[in-house]
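Scroll down for the structure; my scribbles are underneath it.
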Amino acid sequence: DKNPDADPSEFASISHAYDVLVNADLRSKYDLGEKVKDALRRGFDAIIYIPTEMEYDDETKKSYPSQLEKKEVTFFCDGNIKRIFYQASSFANDPLHPDLKKSFELRMVQRVIYGRNDLIMSTAFGSPPLDMETRVVLCGAKLQHDVYIDFDTPEACRQMLEGLRIIRCEKSMLFSENLEKWKSKG
């Protein structure tokens, strides 16, 4: 070893960066993740569906939305992409005071799926062919409710779905690494 004082995690990080640069598939996933991060930082307009009424299913022992309210919102994130906000379009009048009730932590998202694969969305809107799908659902047991998002085009939907999956995995791995560091200090 030429540098015994080198941090192994720093070497691993550089090695991973090199692997991404030389592998076209990994590089395209990285680029898509960065594109979605940029869109979240700048903010974008979309339509979401918010559950307004819930029904309890005795068989599954879970509550499901029976009514969805359509809202036009602006999606954006904090600088570290830890919290994603969905604020009403009128939010533009006071951008320095986002409503924390209309936000969620990305680490709480357990799955990012197409709307056609979600019971609520497929029941409400049908199941379009995959190449025509414009809806994404962010699911998580610790979310106040699943987040149902409708995009303008199938391509925007596909890119956002794949990009959010990439970012969610990055955040999960980072959270796990930080948890391990915390445990080792404890």
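Just so we're on the same page: first chain in the structure tokens is A, next is B, and so on; residues restart at 1 for each chain, and ligands are numbered from 1 in the order they show up.
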
Which residues of stretch 63-182 of chain A sit at most 12 Å from stretch 5-28 of chain A, using only C-alpha atoms? Give each one's shortest atom pair and distance in Å (one decimal place), in chain and ascending residue order, as JSON lines.
{"residue": "A:Gln159", "atom": "CA", "partner": "A:Ser28", "partner_atom": "CA", "distance": 11.4}
{"residue": "A:Glu162", "atom": "CA", "partner": "A:Ser28", "partner_atom": "CA", "distance": 11.1}
{"residue": "A:Gly163", "atom": "CA", "partner": "A:Ser28", "partner_atom": "CA", "distance": 10.5}
{"residue": "A:Ile166", "atom": "CA", "partner": "A:Leu26", "partner_atom": "CA", "distance": 10.7}
{"residue": "A:Glu177", "atom": "CA", "partner": "A:Ser9", "partner_atom": "CA", "distance": 10.6}
{"residue": "A:Lys181", "atom": "CA", "partner": "A:Ser9", "partner_atom": "CA", "distance": 11.8}

I need the residues from that last selection saved to file as a PDB file, in the first residue's frame (with N, CA and C atoms), if you can.
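File produced: again_38.pdb:
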ATOM      1  N   GLN A 159     -39.088   8.864 -17.168  1.00  0.00           N
ATOM      2  CA  GLN A 159     -37.842   9.425 -16.648  1.00  0.00           C
ATOM      3  C   GLN A 159     -37.945   9.741 -15.161  1.00  0.00           C
ATOM      4  N   GLU A 162     -37.962   6.347 -13.115  1.00  0.00           N
ATOM      5  CA  GLU A 162     -36.629   5.740 -13.030  1.00  0.00           C
ATOM      6  C   GLU A 162     -35.673   6.614 -12.228  1.00  0.00           C
ATOM      7  N   GLY A 163     -35.738   7.931 -12.443  1.00  0.00           N
ATOM      8  CA  GLY A 163     -34.864   8.845 -11.703  1.00  0.00           C
ATOM      9  C   GLY A 163     -35.149   8.838 -10.207  1.00  0.00           C
ATOM     10  N   ILE A 166     -33.705   5.750  -8.666  1.00  0.00           N
ATOM     11  CA  ILE A 166     -32.250   5.884  -8.515  1.00  0.00           C
ATOM     12  C   ILE A 166     -31.929   6.734  -7.285  1.00  0.00           C
ATOM     13  N   GLU A 177     -25.376   3.902   5.451  1.00  0.00           N
ATOM     14  CA  GLU A 177     -23.979   4.180   5.783  1.00  0.00           C
ATOM     15  C   GLU A 177     -23.879   5.060   7.025  1.00  0.00           C
ATOM     16  N   LYS A 181     -22.190   4.222  10.711  1.00  0.00           N
ATOM     17  CA  LYS A 181     -21.207   5.101  11.357  1.00  0.00           C
ATOM     18  C   LYS A 181     -21.675   5.471  12.764  1.00  0.00           C
TER      19      LYS A 181
END

Discussion item. When you count only C-alpha atoms, which of these residues is closest to A:Lys71: A:Asp58, A:Asp45, A:Glu133, A:Asp31?
Written reply: A:Asp45

Discussion item. Based on the backbone DSSP call, show me all residues of stretch 73-169 of chain A assigned helix (DSSP H, G or I), as number ranges by chain.
Written reply: A: 89-93, 100-102, 106-108, 115-117, 119-125, 130-132, 154-169

Using only N, CA, C and O atoms, please write the residues we just selected to a file, as a compact mmCIF listing (two decimals), in the first residue's frame.
# COMPACT_ATOMS: atom_id res chain seq x y z
N SER A 89 -50.24 25.84 -6.66
CA SER A 89 -49.67 26.81 -7.60
C SER A 89 -49.61 28.21 -7.01
O SER A 89 -48.73 28.99 -7.35
N SER A 90 -50.53 28.55 -6.11
CA SER A 90 -50.52 29.87 -5.48
C SER A 90 -49.31 30.05 -4.56
O SER A 90 -49.02 31.14 -4.09
N PHE A 91 -48.58 28.95 -4.30
CA PHE A 91 -47.38 28.98 -3.47
C PHE A 91 -46.35 29.98 -4.00
O PHE A 91 -45.57 30.52 -3.26
N ALA A 92 -46.38 30.23 -5.31
CA ALA A 92 -45.39 31.13 -5.93
C ALA A 92 -45.41 32.52 -5.27
O ALA A 92 -44.42 33.24 -5.31
N ASN A 93 -46.51 32.88 -4.62
CA ASN A 93 -46.59 34.18 -3.96
C ASN A 93 -45.75 34.25 -2.69
O ASN A 93 -45.40 35.32 -2.23
N LEU A 100 -44.80 22.52 5.47
CA LEU A 100 -44.23 21.21 5.77
C LEU A 100 -45.28 20.10 5.78
O LEU A 100 -44.95 18.93 5.61
N LYS A 101 -46.56 20.46 5.97
CA LYS A 101 -47.62 19.45 5.93
C LYS A 101 -47.79 18.88 4.53
O LYS A 101 -48.31 17.80 4.36
N LYS A 102 -47.35 19.65 3.55
CA LYS A 102 -47.46 19.21 2.15
C LYS A 102 -46.07 18.87 1.64
O LYS A 102 -45.59 19.40 0.65
N LEU A 106 -37.87 11.87 1.47
CA LEU A 106 -37.66 10.88 0.43
C LEU A 106 -37.31 9.51 1.00
O LEU A 106 -37.70 8.48 0.46
N ARG A 107 -36.66 9.48 2.15
CA ARG A 107 -36.29 8.19 2.74
C ARG A 107 -37.51 7.39 3.20
O ARG A 107 -37.43 6.19 3.42
N MET A 108 -38.66 8.06 3.31
CA MET A 108 -39.89 7.37 3.71
C MET A 108 -40.57 6.67 2.54
O MET A 108 -41.50 5.90 2.72
N GLY A 115 -48.60 4.12 -12.12
CA GLY A 115 -49.98 4.16 -11.65
C GLY A 115 -50.77 2.93 -12.04
O GLY A 115 -51.63 2.47 -11.30
N ARG A 116 -50.47 2.35 -13.21
CA ARG A 116 -51.19 1.16 -13.68
C ARG A 116 -50.98 -0.04 -12.75
O ARG A 116 -51.76 -0.98 -12.76
N ASN A 117 -49.91 -0.01 -11.94
CA ASN A 117 -49.61 -1.10 -11.01
C ASN A 117 -50.15 -0.86 -9.61
O ASN A 117 -49.88 -1.64 -8.71
N LEU A 119 -53.51 -0.33 -7.21
CA LEU A 119 -54.93 -0.66 -7.19
C LEU A 119 -55.80 0.59 -7.27
O LEU A 119 -56.76 0.65 -8.04
N ILE A 120 -55.47 1.61 -6.49
CA ILE A 120 -56.29 2.84 -6.45
C ILE A 120 -56.26 3.53 -7.81
O ILE A 120 -57.30 3.90 -8.36
N MET A 121 -55.06 3.72 -8.36
CA MET A 121 -54.94 4.43 -9.65
C MET A 121 -55.56 3.63 -10.80
O MET A 121 -56.24 4.19 -11.65
N SER A 122 -55.33 2.33 -10.81
CA SER A 122 -55.89 1.53 -11.91
C SER A 122 -57.41 1.46 -11.83
O SER A 122 -58.10 1.45 -12.85
N THR A 123 -57.95 1.45 -10.61
CA THR A 123 -59.41 1.46 -10.44
C THR A 123 -59.99 2.79 -10.89
O THR A 123 -61.00 2.84 -11.59
N ALA A 124 -59.34 3.88 -10.54
CA ALA A 124 -59.84 5.22 -10.87
C ALA A 124 -59.65 5.57 -12.34
O ALA A 124 -60.50 6.22 -12.94
N PHE A 125 -58.53 5.15 -12.93
CA PHE A 125 -58.18 5.62 -14.27
C PHE A 125 -57.95 4.52 -15.30
O PHE A 125 -57.61 4.80 -16.44
N LEU A 130 -48.16 0.35 -21.08
CA LEU A 130 -47.00 0.93 -20.41
C LEU A 130 -46.42 2.12 -21.17
O LEU A 130 -46.03 3.12 -20.57
N ASP A 131 -46.39 2.06 -22.50
CA ASP A 131 -45.81 3.16 -23.27
C ASP A 131 -46.71 4.40 -23.31
O ASP A 131 -46.31 5.44 -23.83
N MET A 132 -47.91 4.32 -22.71
CA MET A 132 -48.82 5.46 -22.63
C MET A 132 -49.03 5.93 -21.19
O MET A 132 -49.77 6.88 -20.95
N PRO A 154 -45.86 10.45 -21.38
CA PRO A 154 -45.33 9.16 -20.93
C PRO A 154 -43.80 9.20 -20.74
O PRO A 154 -43.29 8.57 -19.81
N GLU A 155 -43.08 9.94 -21.58
CA GLU A 155 -41.62 10.01 -21.44
C GLU A 155 -41.23 10.71 -20.14
O GLU A 155 -40.32 10.27 -19.43
N ALA A 156 -41.91 11.81 -19.80
CA ALA A 156 -41.63 12.50 -18.53
C ALA A 156 -41.94 11.57 -17.36
O ALA A 156 -41.19 11.53 -16.38
N CYS A 157 -43.01 10.81 -17.47
CA CYS A 157 -43.39 9.85 -16.42
C CYS A 157 -42.30 8.80 -16.25
O CYS A 157 -41.86 8.51 -15.14
N ARG A 158 -41.85 8.20 -17.36
CA ARG A 158 -40.83 7.16 -17.31
C ARG A 158 -39.53 7.68 -16.71
O ARG A 158 -38.94 7.06 -15.82
N GLN A 159 -39.09 8.86 -17.17
CA GLN A 159 -37.84 9.43 -16.65
C GLN A 159 -37.95 9.74 -15.16
O GLN A 159 -37.02 9.47 -14.40
N MET A 160 -39.07 10.30 -14.75
CA MET A 160 -39.23 10.64 -13.33
C MET A 160 -39.29 9.38 -12.48
O MET A 160 -38.66 9.31 -11.42
N LEU A 161 -40.01 8.35 -12.95
CA LEU A 161 -40.09 7.10 -12.21
C LEU A 161 -38.70 6.49 -12.03
O LEU A 161 -38.28 6.17 -10.92
N GLU A 162 -37.96 6.35 -13.12
CA GLU A 162 -36.63 5.74 -13.03
C GLU A 162 -35.67 6.61 -12.23
O GLU A 162 -34.89 6.11 -11.42
N GLY A 163 -35.74 7.93 -12.44
CA GLY A 163 -34.86 8.84 -11.70
C GLY A 163 -35.15 8.84 -10.21
O GLY A 163 -34.23 8.83 -9.39
N LEU A 164 -36.43 8.83 -9.83
CA LEU A 164 -36.78 8.78 -8.41
C LEU A 164 -36.35 7.47 -7.77
O LEU A 164 -35.92 7.44 -6.62
N ARG A 165 -36.42 6.39 -8.53
CA ARG A 165 -35.94 5.10 -8.01
C ARG A 165 -34.44 5.16 -7.74
O ARG A 165 -33.96 4.69 -6.72
N ILE A 166 -33.71 5.75 -8.67
CA ILE A 166 -32.25 5.88 -8.51
C ILE A 166 -31.93 6.73 -7.29
O ILE A 166 -31.12 6.36 -6.44
N ILE A 167 -32.57 7.89 -7.18
CA ILE A 167 -32.32 8.81 -6.06
C ILE A 167 -32.71 8.14 -4.74
O ILE A 167 -32.00 8.24 -3.75
N ARG A 168 -33.87 7.46 -4.72
CA ARG A 168 -34.32 6.79 -3.50
C ARG A 168 -33.30 5.75 -3.05
O ARG A 168 -32.97 5.64 -1.87
N CYS A 169 -32.75 5.00 -4.00
CA CYS A 169 -31.72 4.00 -3.66
C CYS A 169 -30.47 4.68 -3.12
O CYS A 169 -29.89 4.22 -2.14

Discussion item. Just want the 12 Å neighbourhood of A:Lys70, counted on only C-alpha atoms, with same-chain residues fewer than 2 positions away dropped. Output as a PyMOL selection string.
Written reply: chain A and resi 46-52+67-68+72-73+88+124+147-150

Residue subset to file, keeping C-alpha atoms, as an mmCIF file, in the first residue's frame:
data_model
loop_
_atom_site.group_PDB
_atom_site.id
_atom_site.type_symbol
_atom_site.label_atom_id
_atom_site.label_comp_id
_atom_site.auth_asym_id
_atom_site.auth_seq_id
_atom_site.Cartn_x
_atom_site.Cartn_y
_atom_site.Cartn_z
ATOM 1 C CA ALA A 46 -47.690 18.458 -12.041
ATOM 2 C CA ILE A 47 -51.097 17.185 -11.032
ATOM 3 C CA ILE A 48 -51.464 15.124 -7.877
ATOM 4 C CA TYR A 49 -54.417 13.244 -6.488
ATOM 5 C CA ILE A 50 -54.945 13.556 -2.746
ATOM 6 C CA PRO A 51 -57.125 11.072 -0.846
ATOM 7 C CA THR A 52 -60.129 12.884 0.663
ATOM 8 C CA GLN A 67 -62.202 9.524 -3.174
ATOM 9 C CA LEU A 68 -59.322 11.407 -4.792
ATOM 10 C CA GLU A 72 -52.308 21.327 -9.599
ATOM 11 C CA VAL A 73 -49.083 21.700 -7.646
ATOM 12 C CA ALA A 88 -50.378 24.624 -4.573
ATOM 13 C CA ALA A 124 -59.844 5.219 -10.870
ATOM 14 C CA VAL A 147 -48.458 10.276 -3.429
ATOM 15 C CA TYR A 148 -50.212 9.998 -6.790
ATOM 16 C CA ILE A 149 -48.579 12.114 -9.535
ATOM 17 C CA ASP A 150 -49.768 12.690 -13.115
#

Discussion item. I'd like the contact shell of A:Ala141 - 9 Å cut-off, only C-alpha atoms, skipping same-chain residues fewer than 5 positions apart - returned as number ranges by chain.
Written reply: A: 108-110, 146
